[in-house]
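J.: This is the structure I have questions about; it appears just below.
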Amino acid sequence: MFDKDKIKKAVEMIIEAIGEDKNREGLRETPERIADMYEEIFKGLYENPREHLKNGFVEEKHHEMVILRNISFFSMCEHHFLPFFGKAHVGYIPSKKLVGISKIARVVDIVSRKPQLQERMTSEIADIIYKEVQPLGVGVVIEAEHLCMVMRGVKKMGSLIVTSAIRGGFEKYASTRSEFLMLISKGKNEF
């Protein structure tokens, strides 16, 4: 479970370890602020994204591709605890039910709010939708900029990591996969 006191103590230790004064006016409240921030940005550790996909519209007989593009997200690289952020694109072909489009965005939001790898996040979103919605197919593409590549190491500003996960008909049929990729790239906005 989330422990604000441990986070505050750890931040105080980091402040001291880099040679700063934890009692300096600008840093005095920093441990509390960081504990509050971590509680917010890591809330995905304590929420179940599947809950948002339980209900759907079963009377609708739509069996064509549904795509939600440019879902903004942010997450945290588990290797360096630095943010990565970008856009997720999710498409599925309904079979048994249609889900509200906001539910797809909620799944992305919840899954993204924890320390992780972008590759795992992409697969997790696809797997959750594939299992809970039981569509004919699912495709997820995530494009993100990682601050661990911008602020340290290779320092490559503007580099995007692109990951994808496909399930069902998106995996089985090249034409379905191609349609999805073409539709998410049309009129794509830079972030």
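Numbering starts fresh at 1 for the residues of each chain in the structure tokens, the chains themselves are lettered A, B, ... in the order given, and ligands are numbered from 1 as they appear.
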Which residues, written as number ranges by chain, have at least one atom at most 6 Å from segment 86-89 of chain A, with only C-alpha atoms counted and residues fewer than 3 positions away on the same chain left out?
T.: A: 68-73, 140-144
J.: Within 10 Å of segment 114-137 of chain A, which residues of segment 47-101 of chain A come that close, and what is the closest atom pair and distance in Å for each? Count only C-alpha atoms and give it as a Markdown table.
T.:
| residue | atom | partner | partner_atom | distance |
| --- | --- | --- | --- | --- |
| A:Pro49 | CA | A:Ile128 | CA | 7.9 |
| A:Arg50 | CA | A:Ile128 | CA | 6.6 |
| A:Glu51 | CA | A:Glu132 | CA | 9.0 |
| A:His52 | CA | A:Glu132 | CA | 9.4 |
| A:Leu53 | CA | A:Glu132 | CA | 6.2 |
| A:Lys54 | CA | A:Glu132 | CA | 6.9 |
| A:Asn55 | CA | A:Val133 | CA | 8.9 |
| A:Gly56 | CA | A:Val133 | CA | 8.3 |
| A:His63 | CA | A:Leu136 | CA | 8.4 |
| A:Glu64 | CA | A:Leu136 | CA | 9.6 |
| A:Met65 | CA | A:Gly137 | CA | 8.9 |
| A:Phe74 | CA | A:Lys114 | CA | 9.5 |
| A:Ser75 | CA | A:Lys114 | CA | 6.3 |
| A:Met76 | CA | A:Pro115 | CA | 4.8 |
| A:Cys77 | CA | A:Gln116 | CA | 5.4 |
| A:Glu78 | CA | A:Pro115 | CA | 4.6 |
| A:His79 | CA | A:Gln116 | CA | 8.0 |
| A:His80 | CA | A:Pro115 | CA | 9.5 |
| A:Phe81 | CA | A:Pro115 | CA | 7.1 |
| A:Leu82 | CA | A:Pro115 | CA | 9.1 |
| A:Pro83 | CA | A:Pro115 | CA | 9.0 |
| A:Phe84 | CA | A:Gln118 | CA | 8.4 |
| A:Phe85 | CA | A:Gln118 | CA | 9.6 |
| A:Ala88 | CA | A:Thr122 | CA | 8.5 |
| A:His89 | CA | A:Thr122 | CA | 9.9 |
| A:Val90 | CA | A:Ala126 | CA | 8.2 |
| A:Gly91 | CA | A:Gly137 | CA | 8.3 |
| A:Tyr92 | CA | A:Gly137 | CA | 5.5 |
| A:Ile93 | CA | A:Leu136 | CA | 5.3 |
| A:Pro94 | CA | A:Pro135 | CA | 4.6 |
| A:Ser95 | CA | A:Pro135 | CA | 4.8 |
| A:Lys96 | CA | A:Gln134 | CA | 6.8 |
| A:Lys97 | CA | A:Val133 | CA | 6.7 |
| A:Leu98 | CA | A:Val133 | CA | 7.8 |
| A:Val99 | CA | A:Val133 | CA | 7.5 |
J.: Just checking: using only C-alpha atoms, which residue out of A:Ile7, A:Ile104, A:Val58, A:Leu181 ends up closest to Arg33 of chain A?
T.: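 When distances to Arg33 of chain A are compared using only C-alpha atoms, the smallest one comes from A:Ile7.
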J.: Which residue gives the smallest distance to Arg167 of chain A among A:Gly153, A:Gly26, A:Gly44, A:Gly139, with only C-alpha atoms counted?
T.: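 Looking only at the distances to Arg167 of chain A, the closest residue turns out to be A:Gly139.
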J.: Write down as an MDAnalysis selection string the residues belonging to segment 123-191 of chain A that are assigned strand (DSSP E or B) by DSSP computed on the backbone.
T.: chainID A and resid 137:146 161:168
J.: Could you check the closest approach to Glu40 of chain A for each of A:Ile110, A:Leu160, A:Met182, A:Cys148 and tell me which residue wins, using only C-alpha atoms?
T.: A:Ile110
J.: Could you state the separation of atom CA of Val138 of chain A and atom CA of Val162 of chain A in Å, given to one decimal place?
T.: 16.8 Å
J.: Would you please work out which residue, of A:Glu145, A:Glu171, A:Glu47, A:Glu59, is nearest to Met1 of chain A when using only C-alpha atoms?
T.: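 Among A:Glu145, A:Glu171, A:Glu47, A:Glu59, it is A:Glu47 that comes nearest to Met1 of chain A.
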J.: With only C-alpha atoms as the atoms that count, which of A:Glu60, A:Glu20, A:Glu12, A:Asp5 lies nearest to Asp36 of chain A?
T.: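 The shortest atom-to-atom distance to Asp36 of chain A comes from A:Asp5.
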J.: State, in Å with one decimal place, the distance from atom CA of Arg113 of chain A to atom CA of Leu45 of chain A.
T.: 7.1 Å
